Amino acid sequence: MRLGAVDMGISGFVPSFLVGLEAVRQAHGARLAALVGRRLTGFALVRFAEDGDWYADCPVVLDFDGTRVEICHTKFDELSIGWGTIRTTAVITGWDESGLTPEWSHRDARLEPFVGQELRDLALIEWRPAGRDLAAGTLAVEFVFDADRLRIANALDENGIETGPARQTHLRHGPEH
């Protein structure tokens with residue numbers, strides 16, 4: 001069994017999971033909005049050394065001209081956003097049970113096309129399907145660049161990386177009230 005993100009030895013990662021649009025806006029809205037106009041200069045995510053697989057339970061770190069945002073989803077509706085606390089140069093510890101070696105990676109085919117692009121807009125995307133759905137209300141953070149859109153979404157108890165326009169069942173909200 002693989003360990004959950006909060007059990008990992010990721011240096012500096014102290015998640016503060018929030019639930020709901022208003023809680024995220026209140027805690028992080030102004031800082032998220034301040035990213036607009038900055039260039040994405042890098043990113044980091046955790047992969048396993050043995051097979052290169054992305055470990056989606058770990059935070060996705062995006063660097064906008066020196067301002068790092070750290071996004072991590074867990075459960076059906078919890079989102080943690082951190083700001084420059086994770087040391088992506090530090091060795092990840094505490095993985096004795098998994099038999100795999102986690103390490104920070106700066107490669108990902110979905111993220112690489114966005115590096116060097118200026119952030120044009122940012123939104124919180126809320127999943128609002130027409131029918132009953134356990135995941136209703138989950139949030140994604142959407143980054144809008146000239147060429148495309150990038151979302152770090154809740155993939156039901158882990159992070160998901162999506163590109164392109166959001167589905168019609170998503171409601172788009174500005175990061176601030």
# chains A, B, ... in the order shown; residues from 1 in each chain; ligands from 1
>>> select_by_dssp(residues="chain A", states="alpha helix (DSSP H)", output="ChimeraX atom specification")
/A:21-33
>>> residues_around(residues="stretch 150-158 of chain A", least_positions_apart="5", cutoff="10 Å", atoms="only C-alpha atoms", output="ChimeraX atom specification")
/A:4-5,55-60,71-79,110-111,114,122-127,134-135,138-145,163-166
>>> closest_atom_pairs(of="stretch 87-175 of chain A", to="stretch 32-45 of chain A", cutoff="6 Å", atoms="only C-alpha atoms", output="Markdown table")
| residue | atom | partner | partner_atom | distance |
| --- | --- | --- | --- | --- |
| A:Trp104 | CA | A:Leu45 | CA | 5.6 |
| A:Ser105 | CA | A:Leu45 | CA | 5.4 |
| A:His106 | CA | A:Ala44 | CA | 4.8 |
| A:Val115 | CA | A:Leu40 | CA | 5.1 |
| A:Gly116 | CA | A:Leu40 | CA | 5.4 |
| A:Gln117 | CA | A:Arg39 | CA | 5.3 |
| A:Glu118 | CA | A:Arg39 | CA | 4.1 |
| A:Leu119 | CA | A:Val36 | CA | 5.1 |
| A:Arg120 | CA | A:Val36 | CA | 5.7 |
| A:Asp121 | CA | A:Val36 | CA | 5.6 |
>>> write_last_selection(atoms="N, CA and C atoms", output="compact mmCIF listing (two decimals), in the first residue's frame")
# COMPACT_ATOMS: atom_id res chain seq x y z
N TRP A 104 11.65 13.99 -6.70
CA TRP A 104 11.09 15.14 -7.41
C TRP A 104 11.51 15.08 -8.87
N SER A 105 10.57 15.40 -9.75
CA SER A 105 10.83 15.40 -11.18
C SER A 105 10.40 16.74 -11.77
N HIS A 106 11.11 17.17 -12.79
CA HIS A 106 10.79 18.41 -13.49
C HIS A 106 10.44 18.09 -14.94
N VAL A 115 5.55 25.93 -19.74
CA VAL A 115 6.73 26.61 -19.20
C VAL A 115 7.16 27.71 -20.16
N GLY A 116 7.38 28.89 -19.61
CA GLY A 116 7.75 30.06 -20.40
C GLY A 116 6.57 30.93 -20.80
N GLN A 117 5.35 30.43 -20.63
CA GLN A 117 4.17 31.20 -21.00
C GLN A 117 3.70 32.08 -19.85
N GLU A 118 3.14 33.23 -20.21
CA GLU A 118 2.59 34.15 -19.22
C GLU A 118 1.17 33.72 -18.84
N LEU A 119 0.88 33.75 -17.56
CA LEU A 119 -0.45 33.43 -17.06
C LEU A 119 -1.38 34.60 -17.37
N ARG A 120 -2.44 34.33 -18.13
CA ARG A 120 -3.38 35.36 -18.56
C ARG A 120 -4.58 35.48 -17.63
N ASP A 121 -4.95 34.37 -17.00
CA ASP A 121 -6.10 34.36 -16.11
C ASP A 121 -6.00 33.15 -15.21
>>> select_by_dssp(residues="chain A", states="strand (DSSP E)", output="PyMOL selection string")
chain A and resi 17-19+40-48+60-64+67-74+78-83+102-105+121-127+139-144+149-154+159-163+170-173
>>> residues_around(residues="stretch 85-87 of chain A", least_positions_apart="4", cutoff="8 Å", atoms="only C-alpha atoms", output="PDB file with N, CA and C atoms, in the first residue's frame")
ATOM      1  N   ILE A  10       7.969  14.733   2.630  1.00  0.00           N
ATOM      2  CA  ILE A  10       8.227  15.832   1.703  1.00  0.00           C
ATOM      3  C   ILE A  10       8.606  17.042   2.540  1.00  0.00           C
ATOM      4  N   SER A  11       9.848  17.469   2.403  1.00  0.00           N
ATOM      5  CA  SER A  11      10.378  18.569   3.202  1.00  0.00           C
ATOM      6  C   SER A  11       9.583  19.856   2.973  1.00  0.00           C
ATOM      7  N   GLY A  12       9.037  20.407   4.058  1.00  0.00           N
ATOM      8  CA  GLY A  12       8.298  21.656   4.003  1.00  0.00           C
ATOM      9  C   GLY A  12       6.815  21.504   3.732  1.00  0.00           C
ATOM     10  N   PHE A  13       6.354  20.309   3.397  1.00  0.00           N
ATOM     11  CA  PHE A  13       4.943  20.113   3.067  1.00  0.00           C
ATOM     12  C   PHE A  13       4.141  19.929   4.348  1.00  0.00           C
ATOM     13  N   GLU A  70       1.719  25.453  -4.446  1.00  0.00           N
ATOM     14  CA  GLU A  70       1.758  24.000  -4.227  1.00  0.00           C
ATOM     15  C   GLU A  70       0.328  23.514  -4.037  1.00  0.00           C
TER      16      GLU A  70
END
>>> residues_around(residues="stretch 47-54 of chain A", least_positions_apart="6", cutoff="10 Å", atoms="only C-alpha atoms", output="compact mmCIF listing (two decimals) with N, CA, C and O atoms, in the first residue's frame")
# COMPACT_ATOMS: atom_id res chain seq x y z
N GLY A 99 8.27 0.12 -1.15
CA GLY A 99 9.23 -0.58 -2.01
C GLY A 99 9.65 0.23 -3.22
O GLY A 99 10.41 -0.26 -4.05
N LEU A 100 9.15 1.45 -3.35
CA LEU A 100 9.52 2.32 -4.46
C LEU A 100 10.21 3.56 -3.91
O LEU A 100 10.01 3.94 -2.77
N THR A 101 10.99 4.21 -4.76
CA THR A 101 11.75 5.38 -4.36
C THR A 101 11.16 6.63 -4.99
O THR A 101 11.28 6.83 -6.20
N PRO A 102 10.51 7.49 -4.20
CA PRO A 102 9.96 8.72 -4.76
C PRO A 102 11.04 9.77 -4.93
O PRO A 102 11.98 9.84 -4.13
N GLU A 103 10.92 10.57 -5.97
CA GLU A 103 11.86 11.66 -6.19
C GLU A 103 11.16 12.78 -6.93
O GLU A 103 10.20 12.55 -7.68
N TRP A 104 11.65 13.99 -6.70
CA TRP A 104 11.09 15.14 -7.41
C TRP A 104 11.51 15.08 -8.87
O TRP A 104 12.64 14.75 -9.19
N SER A 105 10.57 15.40 -9.75
CA SER A 105 10.83 15.40 -11.18
C SER A 105 10.40 16.74 -11.77
O SER A 105 9.42 17.35 -11.32
N HIS A 106 11.11 17.17 -12.79
CA HIS A 106 10.79 18.41 -13.49
C HIS A 106 10.44 18.09 -14.94
O HIS A 106 10.68 18.90 -15.84
N ARG A 107 9.89 16.91 -15.13
CA ARG A 107 9.47 16.51 -16.48
C ARG A 107 8.03 16.01 -16.43
O ARG A 107 7.64 15.29 -15.53
N ASP A 108 7.25 16.44 -17.38
CA ASP A 108 5.89 15.97 -17.54
C ASP A 108 5.36 16.54 -18.85
O ASP A 108 5.35 17.78 -19.03
>>> atom_distance(atom1="atom CA of A:Arg31", atom2="atom CA of A:Phe17")
16.6 Å
>>> atom_distance(atom1="atom CA of A:Arg172", atom2="atom CA of A:Glu22")
13.3 Å
>>> closest_residue(among="A:Asp63, A:Arg149, A:Gly82, A:Val46", to="A:Leu18", atoms="only C-alpha atoms")
A:Gly82
>>> atom_distance(atom1="atom CA of A:Leu171", atom2="atom CA of A:Gly66")
29.6 Å
